[in-house]
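Have a look at the structure below before the remarks.
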Amino acid sequence: MVFSSVLFLFRFLPIFIICYFWAPQRMRNFILFLGSLFFYAWGEPVYVLLMLFSTLSDYVHGRLIDVFRGRRAAKGLLISSVIINLLVLGFFKYADFLIQTVNAVVGTTFPLFNLPLPIGISFYTFQTMSYTIDVYRGETKVQKNLLDFGVFVTMFPQLIAGPIVKYKQVEARLHKRETDIHRISYGAKRFIIGLAKKVLLANNIGVLWTDISAMNYAEMNVLTAWLGILAFAFQIYFDFSGYSDMAIGLGAVLGFHFPENFQYPYISASITEFWRRWHISLGSWFREYVYIPLGGNRHGVGKQLRNILIVWTLTGIWHGAGWNFLLWGLWFGVLLIMEKLILGKILSGIPKMLGRLYTCVAVLVGWVLFAVESPEGIAGYLSAMFGINAAGIWDRQALYFGTQYALLFVVAIIAALPVVKILVNKLESRHTGLAIAVYRFGEKLIPIMLLILSIAYVVEDSYNPFLYFRF
């Protein structure tokens with residue numbers, strides 16, 4: 001079950017923050033660990049045991065790898081840790097998909113498990129795996145305190161949907177961390193920005209995608225199809241980047257520094273650039289623990305392209321148990337290979353705006369593969385987007401959607417681009433009294449207004465999904 005989501009956060013956070021800062025320094029990890037377990041158990045009361053199992057398993061494996069360092073047993077223990085993690089992830093995430101595939105191909109009738117997917121299992125599984133791998137490589141010290149390791153795995157700000165945090169990125173702050181008014185102020189503003197992205201933008205524009213995705217694709221016109229997939233593109237961006245902002249903000253309040261996960265991906269002029277800006281922590285994980293160990297680009301172009309294809313096959317599967325996710329991963333893998341071979345040189349020689357147009361179209365096609373589950377639905381939606389189904393360019397309903405959501409699209413475009421950042425930098429660079437006064441006034445007033453609006457929407461609106469909870 002998905003949390004009654006943001007509303008629960010408002011009830012949970014004040015009590016937790018009071019307890020956390022009231023407690024002495026030596027007790028804060030204990031408070032954070034218990035609070036994180038309670039937060040997770042609210043949405044997944046049974047699967048909290050699964051998360052604790054993963055925590056204990058990788059803690060023990062890390063300790064044993066350290067004991068047997070330099071011996072063959074250490075490698076066996078690393079393999080054991082990876083296999084256990086992948087088996088747990090594979091069973092809960094992919095078992096029913098594999099059974100359905102076998103039943104469809106062979107004609108068998110094996111029953112499905114029909115188990116709900118544990119929230120955030122892909123995120124915390126990757127985090128614990130990276131720990132044992134880094135301990136084996138000697139890139140991080142083994143954690144001998146089980147409570148501190150439990151805090152790393154269960155830390156509630158980024159537990160559910162990332163960013164994926166490697167142990168070495170927070171190791172020092174697990175033992176000692178400082179908070180002051182500047183960090184708390186920054187964290188609070190970052191949290192509010194993320195909340196506003198999620199509640200005011202993702203939720204509202206997501207309604208349009210919900211309406212359009214329920215339509216008959218064979219009868220859908222071009223304008224409706226493009227409005228729908230644009231709505232989904234903004235919904236998933238503001239939903240996921242909003243959660244990441246909230247996680248980074250809460251982490252700062254608690255004294256942690258989490259890595260950035262998004263850097264204005266929709267301004268990218270190539271798919272290569274897009275994936276340097278989108279879900280940065282996942283790309284970093286696959287690069288460090290899959291691409292480079294496979295050889296990266298060190299053994300010739302042929303093996304480099306093979307490695308890219310492997311990474312993007314795994315990236316697609318990581319996102320979900322469905323053929324559409326595999327197609328989505330392969331789509332971007334093939335585009336990245338084409339950019340390595342041919343397109344990269346072409347893109348570097350044309351105006352950047354054309355590169356951005358190409359990237360926009362390629363990404364939107366990718367979002368169709370991501371959002372529409374069936375092959376027939378994907379084919380039908382793409383046919384509608386490119387006018388192949390002979391349903392026309394537009395109709396009255398498409399114009400209605402366009403006029404109803406025009407202002408929201410404008411706000412979404414501005415929020416997805418570094419427009420505000422550029423304006424703030426210009427105000428900061430001007431040392432006139434008026435510019436400084438405007439900047440300081442806006443810096444204080446805007447977060448307060450966003451928070452009030454967000455709370456109002458949370459209380460009134462029942463449509464409040466987190467798309468990445470299912471991963």
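How things are named: the first chain in the structure tokens is A, the next is B, and so on; residues count from 1 in each chain; ligands count from 1 in the order shown.
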
Near range 411-426 of chain A, within 8 Å and counting only C-alpha atoms, which residues show up once chain neighbours fewer than 6 positions away are dropped, as a list of chain:residue names?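 Returned residues: A:Leu201, A:Phe234, A:Tyr264, A:Tyr266, A:Ile267, A:Tyr439.
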
At most 8 Å is the cut-off: for each residue in range 102-133 of chain A with any atom that close to an atom of range 165-178 of chain A, write down the nearest atom pair and the distance in Å rounded to one decimal, counting only C-alpha atoms, chain first then increasing number, as CSV.
residue,atom,partner,partner_atom,distance
A:Gln127,CA,A:Lys166,CA,5.8
A:Ser130,CA,A:Lys166,CA,6.3
A:Tyr131,CA,A:Tyr167,CA,5.7

Hey, can you spit out that residue selection with N, CA and C atoms as an mmCIF file, in the first residue's frame?
data_model
loop_
_atom_site.group_PDB
_atom_site.id
_atom_site.type_symbol
_atom_site.label_atom_id
_atom_site.label_comp_id
_atom_site.auth_asym_id
_atom_site.auth_seq_id
_atom_site.Cartn_x
_atom_site.Cartn_y
_atom_site.Cartn_z
ATOM 1 N N GLN A 127 21.708 0.269 -2.424
ATOM 2 C CA GLN A 127 22.553 0.919 -1.424
ATOM 3 C C GLN A 127 23.349 -0.110 -0.624
ATOM 4 N N SER A 130 26.102 -1.757 -2.729
ATOM 5 C CA SER A 130 27.266 -0.895 -2.959
ATOM 6 C C SER A 130 28.185 -0.903 -1.740
ATOM 7 N N TYR A 131 27.610 -1.050 -0.550
ATOM 8 C CA TYR A 131 28.425 -1.080 0.676
ATOM 9 C C TYR A 131 29.347 -2.289 0.688
#

- All residues 8 Å or closer to range 27-34 of chain A, only C-alpha atoms, same chain fewer than 4 positions away omitted, as a VMD selection string: chain A and resid 19 to 21 23 38 147 to 148 150 to 151 154 to 155 174

Fill in: Nearby residues (only C-alpha atoms) at most 12 Å from Gly392 in chain A, same-chain spacing under 5 positions excluded, as a PyMOL selection string
chain A and resi 218-225+383-387+398

Quiz prompt | Selected residue, from A:Leu330, A:Val142, A:Val361, A:Val105, that lies nearest to Asp58 in chain A when counting only C-alpha atoms | solution =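 Smallest distance to Asp58 in chain A is found for A:Val142.
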
Handout entry: Top pick for closest residue to Leu112 in chain A, considering A:Leu343, A:Ile192, A:Ile378, A:Leu98 and counting only C-alpha atoms
Key =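 For Leu112 in chain A, the nearest of the given residues is A:Leu98.
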
Contact residues around Gly228 in chain A with only C-alpha atoms at 7 Å, ignoring same-chain residues under 6 positions, as a VMD selection string:
chain A and resid 208 to 209 212

Spatial neighbours of Pro111 in chain A, max dist 10 Å, only C-alpha atoms, sep filter under 5 positions, as an mmCIF file with N, CA, C and O atoms, in the first residue's frame:
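Result file selection_13.cif:
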data_model
loop_
_atom_site.group_PDB
_atom_site.id
_atom_site.type_symbol
_atom_site.label_atom_id
_atom_site.label_comp_id
_atom_site.auth_asym_id
_atom_site.auth_seq_id
_atom_site.Cartn_x
_atom_site.Cartn_y
_atom_site.Cartn_z
ATOM 1 N N ASP A 96 6.493 -12.840 -10.497
ATOM 2 C CA ASP A 96 5.214 -12.943 -11.211
ATOM 3 C C ASP A 96 5.372 -12.665 -12.697
ATOM 4 O O ASP A 96 4.716 -13.297 -13.536
ATOM 5 N N ILE A 99 6.770 -15.802 -14.249
ATOM 6 C CA ILE A 99 5.735 -16.845 -14.307
ATOM 7 C C ILE A 99 4.748 -16.552 -15.428
ATOM 8 O O ILE A 99 4.371 -17.446 -16.197
ATOM 9 N N GLN A 100 4.318 -15.289 -15.543
ATOM 10 C CA GLN A 100 3.397 -14.906 -16.612
ATOM 11 C C GLN A 100 4.017 -15.162 -17.984
ATOM 12 O O GLN A 100 3.341 -15.636 -18.904
ATOM 13 N N ASN A 103 4.104 -18.939 -18.599
ATOM 14 C CA ASN A 103 2.736 -19.400 -18.888
ATOM 15 C C ASN A 103 2.306 -19.042 -20.302
ATOM 16 O O ASN A 103 1.661 -19.839 -20.998
#

Taking only range 274-423 of chain A into account, list the residues labelled helix (DSSP H, G or I) by DSSP (computed from the backbone), as a PyMOL selection string. chain A and resi 274-277+280-291+301-319+323-348+352-371+375-385+396-416+419-423
